[in-house]
Amino acid sequence: MGNRVGVIGVGQTHHASKRLDASGVELIAEAVTRALDDAELSIDQIDAVVIGNMDHFENINYVDNWATDGLGSFMKPVFKVTTGGTTGTTVGMCGYYHAASGLFDVVLAVGWEKNSESDTQAAIATCANPVLERDPFAGAIGPLATEYSMYMKAYGATEEDAALVAARDRNNALNNPYAHNRMACTVEDVMKSPMLSYPIKFLDMCPRSDGSCAVIFASEEKAKKLCPKPAWVHASVVRHDYTHFGDLEWQWMPTLETGSAAAYKIAGITDPLNEFDVAELYLPASTCGVKWMDSLWFCDKGGAPDLIRKNTFDMDGVLPINPSGGVISTNPIGATALIRIGEAAWQIMGKAGERQVPDVNKALVTGFGGCSWSDIMILGADLP
Amino acid sequence: MERVAVIGVGQTKYEQGKRETFSELVFEVATRALEDAGMDITKIDNVVSVSSDFWDGRTISSMAIQDAAGAYGKDITTVEGDGTFGALYGMMRILSGSFGTTLVVSHHKGSESNMNGITNTSFDPLVERKLGLDAVSSAALQARRYMSKYGLLEEQFALVSVKNHGNAKRNPLAMLPMDITVEDVMNSPMLATPLKKLDCSPVTDGACAMVLAAEREAKKLSTLAKRVWLKGVGHCTDAYRLGDRDLADTRALKDAARRAYDMAGVGPADIDLAEVYDAFSYMELLWLEGLGFCDDGMAAEYMERGVYDFDGDLPVNPSGGRLSANPVQVAGLAEMAECVLQLRGEAGERQVEGAEIALAHGINGMCGQSHCVWILGR
Amino acid sequence: MTDWKDEVEEIVFEGKIAVPYTWTVGSTLSKWYGELRDNAKIWGNRCPSCGRVFVPPKIKCIECYKDLSDWVMLPGTGTIETYTVVHYEEPDFHPKKAPFVYGIIKMDGADTGLVHLIDEVEPERVKVGMRVEAVLAEEREGTIMDIKHFRPIA
């Protein structure tokens with residue numbers, strides 16, 4: 001791990017299915033203004049800006065230039081990064097590297113999306129190789145459904161296990177004023193919801209949302225001066241190993257397995273289940289919240305259903321997962337993974353309101369997207 | 001601050017209608033860059049790719065090429081914009097202390113896309129897009145503003161095209177080496193006044209890769225002969241709507257250039273050659289002013305006096321410039337590669353004698369809204 | 001020995017990204033377009049801190065990053081800062097057949113220029129510095145084309 005950087009402010013919009021009151025630039029301005037307020041900074045104190053989203057969702061080229069008015073980036077250093085669903089963590093990590101490089105002290109990282117402006121699945125389908133895989137490709141849900149059926153067969157996980165995860169995340173969102181979907185939800189509600197792609201049902205799956213998130217990173221010295229309790233970055237690892245869906249490993253989540261192992265090593269974590277106090281994970285479907293627990297080294301392969309059934313990851317459990325309500329409750333794709341960073345940072349800073357987990361010292365963050373890709377970030381209350 | 005060096009570069013020939021796929025192009029240049037650096041892919045710690053979802057016709061454009069870039073089991077990220085910004089991020093990641101080497105790759109196949117349609121999407125769908133503006137018509141507005149502000153002539157802009165296509169004759173990688181005259185430029189088909197076909201860069205395919213290394217790694221992995229230092233960099237963005245700014249005012253470029261010069265501890269007078277983003281003929285002159293090589297409004301006169309010729313005081317675009325090959329996204333990285341070759345003394349027929357410090361410049365957005373300036377040196 | 005690639009018949013696939021879009025215009029521009037469409041008026045907005053007036057209206061001042069709460073009605077006249085006569089055809093997205101003229105018009109009462117079409121004048125006679133006025137479309141839908149074009153002030 002290199003130079004030390006902390007998160008010193010976070011801002012989010014109130015995410016919704018369709019924010020008809022706000023254009024993309026207005027959403028960005030909302031998130032940026034709130035992040036500046038959160039950090040008690042003015043825009044003049046921002047040294048550099050990085051922005052990300054998935055182009056084809058809004059059909060705007062050179063978004064880093066287009067968003068100037070909302071970003072407050074006039075006459076500032078700016079560029080854009082984008083990597084599909086992992087864009088949010090890519091943006092956050094870019095903010096981190098800006099500040100860690102020594103070239104910039106206070107960096108604004110913004111993720112956003114107005115998924116209401118297009119057909120999400122049609123746009124996602126263009127990620128597949130047009131010559132080899134695009135025609136039979138079924139959007140995001142197909143691969144996720146397929147991998148869970150294989151996991152069910154191999155280890156006896158059930159649809160109810162996934163429903164427990166869905167209900168957990170959805171009920172958590174009731175404490176999060178920014179979440180898109182805030183609904184009381186039982187296992188029965190999930191099991192009765194319409195089947196999308198076996199075994200994933202409507203309430204197992206994430207929505208698509210309009211929203212934006214802004215996270216402010218600062219180099220060590222500046223962070224200490226500007227913020228009473230920064231959330232320090234302890235590790236940042238990316239594994240985007242796959243290009244073709246046909247190459248994927250279906251029994252476990254290889255990129256999450258290798259990525260988290262590498263991140264834990266950097267951060268000195270040997271017992272993740274007990275050492276982390278909270279986790280904000282990019283679970284696009286509740287089924288991932290069962291299967292991927294193995295890949296995060298919380299248990300042996302196939303051990304996840306047992307942990308789920310014991311309420312291990314509930315708000316009062318051993319390791320609360322997604323106090324924010326997670327991706328199942330809110331999903332403005334270019335911002336989604338950045339929201340995980342922002343929420344985890346707030347947990348450490350003690351600013352998570354009604355969804356605050358007590359005494360958070362270490363937080364785990366993941367991003368997901370593309371062809372079964374994983375991003376992992378670890379934040380901590382103490383300097384790394 | 002630790003120094004970062006370029007220790008390997010690889011480029012394809014720039015041409016139209018390439019038959020290789022994106023990943024074949026990236027594999028080609030990544031392989032060349034590694035060979036040039038005398039190292040293998042295992043010594044690459046992380047990858048920064050540079051591409052555009054729009055020009056690729058594919059969301060998550062990085063997905064197409066990351067295996068070709070050797071990113072399996074490694075950190076990889078993607079900058080969407082010009083290659084100069086990608087190289088900047090690649091350097092930041094090394095300076096952060098997390099990585100010792102970065103492979104920066106970029107690809108572009110303009111011939112598989114509709115250039116004007118794609119640049120039209122840079123305009124706000126809520127306002128200007130419906131007017132049907134694109135890169136050419138907006139550049140034409142900027143060119144006319146530049147002319148009327150300083151009393152410049154189309155013939156002066158044409159000198160840039162003559163020079164750059166001529167320079168391309170010495171560059172085996174360039175797409176359009178040509179012997180043309182000012183009259184040829186003036187007689188070429190008018191696209192949008194005052195820009196004629198020969199004032200505009202072509203649609204091009206190509207790829208480029210670069211290996212960056214922290215000083216400690218560079219000393220282990222490469223020979224002195226191959227090492228070129230990234231001495232300074234700066235980037236800055238102006239206002240978005242065309243009407244928000246004086247299109248002939250290069251304030252954002254001046255800001256970016258100042259940061260780069262300050263970091264490198266040099267000034268314009270120290271630069272031995274410059275690769276500048278001449279997407280259109282007039283842009284070379286406008287950017288040269290913003291880079292501090294002469295006062296505002298004076299570049300045309302200097303151009304007439306031969307200052308920027310290959311054998312002039314400050315050779316500009318000895319590679320032939322973007323007017324001779326413009327693989328968008330790749331272009332800035334290709335400029336940096338050219339600077340590296342020049343500083344190493346490996347530029348063959350187009351070698352600028354005694355080159356010690358070079359400048360490379362990239363732009364993002366329409367009418368050069370956003371700029372990135374690099375200073376490289378031995 | 002020949003390279004096997006030399007013998008291959010190269011195949012090319014044609015494709016298109018066919019994703020329909022509906023863009024949310026947002027509060028600021030919705031107000032601007034509403035006024036254009038319903039009242040045939042062009043407004044700008046002003047920064048309460050530095051006094052700059054923007055048209056098209058902005059959500060925040062570019063210098064101060066403050067919300068722009070003051071709206072200013074503009075006379076709809078201005079001066080051509082720059083222009084171009086377009087001679088190429090792009091039937092998919094050009095508003096008219098070539099030749100036609102784009103201009104950036106520095107709007108009276110505002111600190112910014114508006115990009116639009118210039119018409120009702122021979123393209124060769126358009127000049128930088130020409131005084132022009134907005135001509136509104138008869139049927140207006142709440143888009144930038146509610147302004148039909150700008151024409152020289154007689």
# chains A, B, ... in the order shown; residues from 1 in each chain; ligands from 1
$ interface_residues --of "chain B" --to "chain C" --cutoff "7 Å" --atoms "only C-alpha atoms" --output "PyMOL selection string"
chain B and resi 57+126-127+131-132+137+140-141+144-145+190-193+243-244
$ residues_around --residues "Val32 of chain A" --least-positions-apart "6" --cutoff "10 Å" --atoms "only C-alpha atoms" --output "list in words"
Gly9, Val10, Gly11, Gln12, Thr13, Glu26, Asp38, Ile43, Gly70, Leu71, Gly72, Leu108, Ala109, Val110, Ser212, Cys213, Ala214, Val215 and Ile216 of chain A
$ interface_residues --of "chain B" --to "chain A" --cutoff "6 Å" --atoms "only C-alpha atoms" --output "number ranges by chain"
B: 58-60, 63, 72-75, 78-80, 92-93, 95-98, 121-122, 235-240, 365
$ write_last_selection --atoms "C-alpha atoms" --output "mmCIF file, in the first residue's frame"
data_model
loop_
_atom_site.group_PDB
_atom_site.id
_atom_site.type_symbol
_atom_site.label_atom_id
_atom_site.label_comp_id
_atom_site.auth_asym_id
_atom_site.auth_seq_id
_atom_site.Cartn_x
_atom_site.Cartn_y
_atom_site.Cartn_z
ATOM 1 C CA ARG B 58 -19.345 -0.994 -27.109
ATOM 2 C CA THR B 59 -20.106 -0.180 -23.511
ATOM 3 C CA ILE B 60 -17.278 -1.093 -21.164
ATOM 4 C CA MET B 63 -13.472 -5.295 -21.726
ATOM 5 C CA TYR B 72 -5.186 -10.976 -15.900
ATOM 6 C CA GLY B 73 -4.608 -11.089 -12.166
ATOM 7 C CA LYS B 74 -3.646 -7.405 -12.098
ATOM 8 C CA ASP B 75 -5.167 -4.038 -11.308
ATOM 9 C CA THR B 78 -9.695 2.792 -17.992
ATOM 10 C CA VAL B 79 -9.479 6.469 -18.859
ATOM 11 C CA GLU B 80 -11.920 7.668 -21.455
ATOM 12 C CA MET B 92 -0.103 8.861 -10.676
ATOM 13 C CA ARG B 93 -0.556 5.216 -9.825
ATOM 14 C CA LEU B 95 3.752 7.946 -7.682
ATOM 15 C CA SER B 96 1.161 6.726 -5.180
ATOM 16 C CA GLY B 97 3.673 4.080 -4.158
ATOM 17 C CA SER B 98 1.322 1.206 -4.952
ATOM 18 C CA THR B 121 -22.898 13.372 -29.153
ATOM 19 C CA SER B 122 -20.365 15.545 -27.331
ATOM 20 C CA HIS B 235 -4.126 19.328 -17.107
ATOM 21 C CA CYS B 236 -7.011 21.782 -17.027
ATOM 22 C CA THR B 237 -10.557 22.156 -18.353
ATOM 23 C CA ASP B 238 -12.356 25.250 -19.648
ATOM 24 C CA ALA B 239 -16.116 25.955 -19.715
ATOM 25 C CA TYR B 240 -18.452 23.623 -21.566
ATOM 26 C CA GLY B 365 -13.773 17.598 -25.970
#
$ atom_distance --atom1 "atom CA of Ile141 of chain A" --atom2 "atom CA of Leu27 of chain A"
27.1 Å
$ select_by_dssp --residues "chain C" --states "helix (DSSP H, G or I)" --output "PyMOL selection string"
chain C and resi 4-7+26-39+123-125+144-146
$ write_last_selection --atoms "N, CA and C atoms" --output "PDB file, in the first residue's frame"
ATOM      1  N   TRP C   4      -1.060 -18.139 -42.949  1.00  0.00           N
ATOM      2  CA  TRP C   4      -2.446 -18.567 -43.144  1.00  0.00           C
ATOM      3  C   TRP C   4      -3.392 -17.389 -43.270  1.00  0.00           C
ATOM      4  N   LYS C   5      -3.019 -16.228 -42.688  1.00  0.00           N
ATOM      5  CA  LYS C   5      -3.918 -15.068 -42.728  1.00  0.00           C
ATOM      6  C   LYS C   5      -4.111 -14.547 -44.149  1.00  0.00           C
ATOM      7  N   ASP C   6      -3.097 -14.775 -44.994  1.00  0.00           N
ATOM      8  CA  ASP C   6      -3.208 -14.271 -46.364  1.00  0.00           C
ATOM      9  C   ASP C   6      -4.331 -14.955 -47.125  1.00  0.00           C
ATOM     10  N   GLU C   7      -4.683 -16.179 -46.703  1.00  0.00           N
ATOM     11  CA  GLU C   7      -5.691 -16.945 -47.440  1.00  0.00           C
ATOM     12  C   GLU C   7      -7.103 -16.705 -46.922  1.00  0.00           C
ATOM     13  N   GLY C  26     -34.560  18.763 -16.656  1.00  0.00           N
ATOM     14  CA  GLY C  26     -34.211  19.348 -15.363  1.00  0.00           C
ATOM     15  C   GLY C  26     -34.899  20.677 -15.134  1.00  0.00           C
ATOM     16  N   SER C  27     -34.833  21.136 -13.881  1.00  0.00           N
ATOM     17  CA  SER C  27     -35.597  22.321 -13.495  1.00  0.00           C
ATOM     18  C   SER C  27     -35.194  23.573 -14.265  1.00  0.00           C
ATOM     19  N   THR C  28     -33.874  23.840 -14.323  1.00  0.00           N
ATOM     20  CA  THR C  28     -33.414  25.100 -14.920  1.00  0.00           C
ATOM     21  C   THR C  28     -33.778  25.217 -16.387  1.00  0.00           C
ATOM     22  N   LEU C  29     -33.412  24.224 -17.176  1.00  0.00           N
ATOM     23  CA  LEU C  29     -33.703  24.303 -18.608  1.00  0.00           C
ATOM     24  C   LEU C  29     -35.191  24.145 -18.896  1.00  0.00           C
ATOM     25  N   SER C  30     -35.908  23.418 -18.031  1.00  0.00           N
ATOM     26  CA  SER C  30     -37.349  23.289 -18.242  1.00  0.00           C
ATOM     27  C   SER C  30     -38.013  24.644 -18.141  1.00  0.00           C
ATOM     28  N   LYS C  31     -37.551  25.443 -17.182  1.00  0.00           N
ATOM     29  CA  LYS C  31     -38.126  26.788 -17.044  1.00  0.00           C
ATOM     30  C   LYS C  31     -37.811  27.617 -18.284  1.00  0.00           C
ATOM     31  N   TRP C  32     -36.566  27.507 -18.752  1.00  0.00           N
ATOM     32  CA  TRP C  32     -36.138  28.279 -19.917  1.00  0.00           C
ATOM     33  C   TRP C  32     -36.961  27.936 -21.142  1.00  0.00           C
ATOM     34  N   TYR C  33     -37.113  26.604 -21.365  1.00  0.00           N
ATOM     35  CA  TYR C  33     -37.866  26.158 -22.525  1.00  0.00           C
ATOM     36  C   TYR C  33     -39.354  26.466 -22.375  1.00  0.00           C
ATOM     37  N   GLY C  34     -39.852  26.390 -21.145  1.00  0.00           N
ATOM     38  CA  GLY C  34     -41.263  26.710 -20.901  1.00  0.00           C
ATOM     39  C   GLY C  34     -41.565  28.140 -21.328  1.00  0.00           C
ATOM     40  N   GLU C  35     -40.666  29.044 -20.939  1.00  0.00           N
ATOM     41  CA  GLU C  35     -40.846  30.459 -21.299  1.00  0.00           C
ATOM     42  C   GLU C  35     -40.750  30.668 -22.812  1.00  0.00           C
ATOM     43  N   LEU C  36     -39.836  29.950 -23.437  1.00  0.00           N
ATOM     44  CA  LEU C  36     -39.667  30.051 -24.891  1.00  0.00           C
ATOM     45  C   LEU C  36     -40.927  29.571 -25.597  1.00  0.00           C
ATOM     46  N   ARG C  37     -41.367  28.405 -25.162  1.00  0.00           N
ATOM     47  CA  ARG C  37     -42.498  27.770 -25.834  1.00  0.00           C
ATOM     48  C   ARG C  37     -43.797  28.523 -25.608  1.00  0.00           C
ATOM     49  N   ASP C  38     -44.063  28.856 -24.349  1.00  0.00           N
ATOM     50  CA  ASP C  38     -45.367  29.421 -24.014  1.00  0.00           C
ATOM     51  C   ASP C  38     -45.449  30.936 -24.170  1.00  0.00           C
ATOM     52  N   ASN C  39     -44.335  31.628 -23.858  1.00  0.00           N
ATOM     53  CA  ASN C  39     -44.400  33.089 -23.856  1.00  0.00           C
ATOM     54  C   ASN C  39     -43.512  33.746 -24.898  1.00  0.00           C
ATOM     55  N   PRO C 123     -25.413  33.525 -47.160  1.00  0.00           N
ATOM     56  CA  PRO C 123     -24.272  33.097 -46.344  1.00  0.00           C
ATOM     57  C   PRO C 123     -23.026  33.966 -46.559  1.00  0.00           C
ATOM     58  N   GLU C 124     -22.773  34.382 -47.812  1.00  0.00           N
ATOM     59  CA  GLU C 124     -21.550  35.162 -48.061  1.00  0.00           C
ATOM     60  C   GLU C 124     -21.592  36.523 -47.395  1.00  0.00           C
ATOM     61  N   ARG C 125     -22.796  36.989 -47.013  1.00  0.00           N
ATOM     62  CA  ARG C 125     -22.899  38.337 -46.446  1.00  0.00           C
ATOM     63  C   ARG C 125     -22.849  38.346 -44.926  1.00  0.00           C
ATOM     64  N   ILE C 144     -34.410  23.920 -28.223  1.00  0.00           N
ATOM     65  CA  ILE C 144     -33.604  25.025 -28.748  1.00  0.00           C
ATOM     66  C   ILE C 144     -34.109  25.446 -30.125  1.00  0.00           C
ATOM     67  N   MET C 145     -34.789  24.551 -30.825  1.00  0.00           N
ATOM     68  CA  MET C 145     -35.314  24.885 -32.149  1.00  0.00           C
ATOM     69  C   MET C 145     -36.613  25.701 -32.081  1.00  0.00           C
ATOM     70  N   ASP C 146     -37.055  26.039 -30.878  1.00  0.00           N
ATOM     71  CA  ASP C 146     -38.160  26.991 -30.734  1.00  0.00           C
ATOM     72  C   ASP C 146     -37.685  28.353 -31.226  1.00  0.00           C
TER      73      ASP C 146
END
$ closest_residue --among "A:Gly326, A:Pro320, A:Gly24, A:Pro194" --to "chain C" --atoms "only C-alpha atoms"
A:Gly24
$ residues_around --residues "Met91 of chain B" --least-positions-apart "4" --cutoff "8 Å" --atoms "only C-alpha atoms" --output "PyMOL selection string"
chain B and resi 4+87+95+102+212
$ select_by_dssp --residues "segment 104-269 of chain B" --states "strand (DSSP E)" --output "ChimeraX atom specification"
/B:104-109,190-192,195-196,205-214,228-237
$ write_last_selection --atoms "N, CA and C atoms" --output "PDB file, in the first residue's frame"
ATOM      1  N   VAL B 104       0.514   1.401 -20.199  1.00  0.00           N
ATOM      2  CA  VAL B 104      -0.585   2.225 -20.690  1.00  0.00           C
ATOM      3  C   VAL B 104      -0.841   1.798 -22.132  1.00  0.00           C
ATOM      4  N   VAL B 105      -2.090   1.446 -22.444  1.00  0.00           N
ATOM      5  CA  VAL B 105      -2.420   1.027 -23.811  1.00  0.00           C
ATOM      6  C   VAL B 105      -3.612   1.839 -24.306  1.00  0.00           C
ATOM      7  N   SER B 106      -3.621   2.053 -25.617  1.00  0.00           N
ATOM      8  CA  SER B 106      -4.755   2.772 -26.183  1.00  0.00           C
ATOM      9  C   SER B 106      -5.047   2.242 -27.578  1.00  0.00           C
ATOM     10  N   HIS B 107      -6.333   2.195 -27.961  1.00  0.00           N
ATOM     11  CA  HIS B 107      -6.681   1.718 -29.292  1.00  0.00           C
ATOM     12  C   HIS B 107      -7.803   2.563 -29.874  1.00  0.00           C
ATOM     13  N   HIS B 108      -7.904   2.545 -31.206  1.00  0.00           N
ATOM     14  CA  HIS B 108      -8.951   3.333 -31.876  1.00  0.00           C
ATOM     15  C   HIS B 108      -9.097   2.851 -33.309  1.00  0.00           C
ATOM     16  N   LYS B 109     -10.332   2.635 -33.721  1.00  0.00           N
ATOM     17  CA  LYS B 109     -10.578   2.301 -35.122  1.00  0.00           C
ATOM     18  C   LYS B 109     -11.642   3.257 -35.647  1.00  0.00           C
ATOM     19  N   MET B 190     -14.385  22.651 -49.593  1.00  0.00           N
ATOM     20  CA  MET B 190     -14.757  23.410 -48.398  1.00  0.00           C
ATOM     21  C   MET B 190     -15.722  22.573 -47.571  1.00  0.00           C
ATOM     22  N   LEU B 191     -15.433  22.410 -46.293  1.00  0.00           N
ATOM     23  CA  LEU B 191     -16.333  21.655 -45.415  1.00  0.00           C
ATOM     24  C   LEU B 191     -17.231  22.617 -44.651  1.00  0.00           C
ATOM     25  N   ALA B 192     -16.615  23.478 -43.839  1.00  0.00           N
ATOM     26  CA  ALA B 192     -17.370  24.519 -43.130  1.00  0.00           C
ATOM     27  C   ALA B 192     -16.408  25.685 -43.032  1.00  0.00           C
ATOM     28  N   LEU B 195     -12.753  26.075 -42.884  1.00  0.00           N
ATOM     29  CA  LEU B 195     -12.021  24.805 -42.903  1.00  0.00           C
ATOM     30  C   LEU B 195     -12.306  23.984 -44.154  1.00  0.00           C
ATOM     31  N   LYS B 196     -11.209  23.671 -44.849  1.00  0.00           N
ATOM     32  CA  LYS B 196     -11.314  22.836 -46.041  1.00  0.00           C
ATOM     33  C   LYS B 196     -10.785  21.462 -45.689  1.00  0.00           C
ATOM     34  N   ASP B 205      -7.033   4.505 -37.985  1.00  0.00           N
ATOM     35  CA  ASP B 205      -7.028   3.371 -37.046  1.00  0.00           C
ATOM     36  C   ASP B 205      -5.619   3.221 -36.493  1.00  0.00           C
ATOM     37  N   GLY B 206      -5.528   2.777 -35.242  1.00  0.00           N
ATOM     38  CA  GLY B 206      -4.196   2.494 -34.713  1.00  0.00           C
ATOM     39  C   GLY B 206      -4.214   2.226 -33.232  1.00  0.00           C
ATOM     40  N   ALA B 207      -3.050   1.914 -32.692  1.00  0.00           N
ATOM     41  CA  ALA B 207      -2.902   1.656 -31.267  1.00  0.00           C
ATOM     42  C   ALA B 207      -1.503   2.031 -30.825  1.00  0.00           C
ATOM     43  N   CYS B 208      -1.383   2.273 -29.533  1.00  0.00           N
ATOM     44  CA  CYS B 208      -0.085   2.652 -28.980  1.00  0.00           C
ATOM     45  C   CYS B 208      -0.001   2.144 -27.558  1.00  0.00           C
ATOM     46  N   ALA B 209       1.195   1.759 -27.138  1.00  0.00           N
ATOM     47  CA  ALA B 209       1.387   1.318 -25.755  1.00  0.00           C
ATOM     48  C   ALA B 209       2.683   1.883 -25.216  1.00  0.00           C
ATOM     49  N   MET B 210       2.723   2.058 -23.917  1.00  0.00           N
ATOM     50  CA  MET B 210       3.884   2.660 -23.287  1.00  0.00           C
ATOM     51  C   MET B 210       4.108   1.984 -21.942  1.00  0.00           C
ATOM     52  N   VAL B 211       5.369   1.693 -21.614  1.00  0.00           N
ATOM     53  CA  VAL B 211       5.673   1.145 -20.292  1.00  0.00           C
ATOM     54  C   VAL B 211       6.255   2.267 -19.450  1.00  0.00           C
ATOM     55  N   LEU B 212       5.618   2.542 -18.308  1.00  0.00           N
ATOM     56  CA  LEU B 212       6.115   3.550 -17.365  1.00  0.00           C
ATOM     57  C   LEU B 212       6.734   2.819 -16.180  1.00  0.00           C
ATOM     58  N   ALA B 213       7.792   3.386 -15.635  1.00  0.00           N
ATOM     59  CA  ALA B 213       8.419   2.740 -14.480  1.00  0.00           C
ATOM     60  C   ALA B 213       8.923   3.779 -13.496  1.00  0.00           C
ATOM     61  N   ALA B 214       8.746   3.478 -12.209  1.00  0.00           N
ATOM     62  CA  ALA B 214       9.306   4.331 -11.166  1.00  0.00           C
ATOM     63  C   ALA B 214      10.821   4.271 -11.286  1.00  0.00           C
ATOM     64  N   VAL B 228      13.422   7.631 -20.755  1.00  0.00           N
ATOM     65  CA  VAL B 228      13.078   9.038 -20.947  1.00  0.00           C
ATOM     66  C   VAL B 228      12.231   9.441 -19.748  1.00  0.00           C
ATOM     67  N   TRP B 229      12.560  10.545 -19.117  1.00  0.00           N
ATOM     68  CA  TRP B 229      11.854  10.939 -17.889  1.00  0.00           C
ATOM     69  C   TRP B 229      10.618  11.764 -18.174  1.00  0.00           C
ATOM     70  N   LEU B 230       9.591  11.485 -17.401  1.00  0.00           N
ATOM     71  CA  LEU B 230       8.374  12.309 -17.438  1.00  0.00           C
ATOM     72  C   LEU B 230       8.615  13.430 -16.440  1.00  0.00           C
ATOM     73  N   LYS B 231       9.029  14.579 -16.960  1.00  0.00           N
ATOM     74  CA  LYS B 231       9.500  15.638 -16.074  1.00  0.00           C
ATOM     75  C   LYS B 231       8.396  16.538 -15.536  1.00  0.00           C
ATOM     76  N   GLY B 232       7.354  16.701 -16.327  1.00  0.00           N
ATOM     77  CA  GLY B 232       6.293  17.591 -15.857  1.00  0.00           C
ATOM     78  C   GLY B 232       4.995  17.324 -16.575  1.00  0.00           C
ATOM     79  N   VAL B 233       3.896  17.562 -15.872  1.00  0.00           N
ATOM     80  CA  VAL B 233       2.581  17.364 -16.485  1.00  0.00           C
ATOM     81  C   VAL B 233       1.582  18.320 -15.855  1.00  0.00           C
ATOM     82  N   GLY B 234       0.603  18.721 -16.646  1.00  0.00           N
ATOM     83  CA  GLY B 234      -0.478  19.553 -16.114  1.00  0.00           C
ATOM     84  C   GLY B 234      -1.711  19.334 -16.956  1.00  0.00           C
ATOM     85  N   HIS B 235      -2.896  19.412 -16.316  1.00  0.00           N
ATOM     86  CA  HIS B 235      -4.126  19.328 -17.107  1.00  0.00           C
ATOM     87  C   HIS B 235      -5.143  20.300 -16.548  1.00  0.00           C
ATOM     88  N   CYS B 236      -6.034  20.758 -17.429  1.00  0.00           N
ATOM     89  CA  CYS B 236      -7.011  21.782 -17.027  1.00  0.00           C
ATOM     90  C   CYS B 236      -8.163  21.826 -18.030  1.00  0.00           C
ATOM     91  N   THR B 237      -9.352  22.148 -17.528  1.00  0.00           N
ATOM     92  CA  THR B 237     -10.557  22.156 -18.353  1.00  0.00           C
ATOM     93  C   THR B 237     -11.253  23.502 -18.334  1.00  0.00           C
TER      94      THR B 237
END
$ residues_around --residues "Asp169 of chain A" --least-positions-apart "3" --cutoff "7 Å" --atoms "only C-alpha atoms" --output "PyMOL selection string"
chain A and resi 165-166+172-173+322+325-326+328
$ residues_around --residues "segment 307-318 of chain B" --least-positions-apart "4" --cutoff "10 Å" --atoms "only C-alpha atoms" --output "PyMOL selection string"
chain B and resi 159-160+163-171+268-278+284-285+288+293+299+301-303+322-324+335+338-339+342+347+350-353+359-360
$ residues_around --residues "Phe157 of chain B" --least-positions-apart "5" --cutoff "8 Å" --atoms "only C-alpha atoms" --output "JSON list (two decimals) with C-alpha atoms, in the first residue's frame"
[["chain", "number", "residue", "atom", "x", "y", "z"],
["B", 199, "ASP", "CA", -7.27, 21.70, -42.96],
["B", 281, "SER", "CA", -4.58, 23.25, -39.10],
["B", 282, "TYR", "CA", -5.45, 26.40, -37.13],
["B", 285, "LEU", "CA", -1.02, 27.79, -34.16],
["B", 300, "ALA", "CA", 0.98, 32.52, -37.72]]
$ atom_distance --atom1 "atom CA of Ala352 of chain A" --atom2 "atom CA of Tyr178 of chain A"
11.2 Å
$ atom_distance --atom1 "atom CA of Gly78 of chain C" --atom2 "atom CA of Asp119 of chain C"
14.2 Å
$ residues_around --residues "Met183 of chain A" --least-positions-apart "3" --cutoff "12 Å" --atoms "only C-alpha atoms" --output "ChimeraX atom specification"
/A:166-177,179-180,186,189-190,203,325,328-330
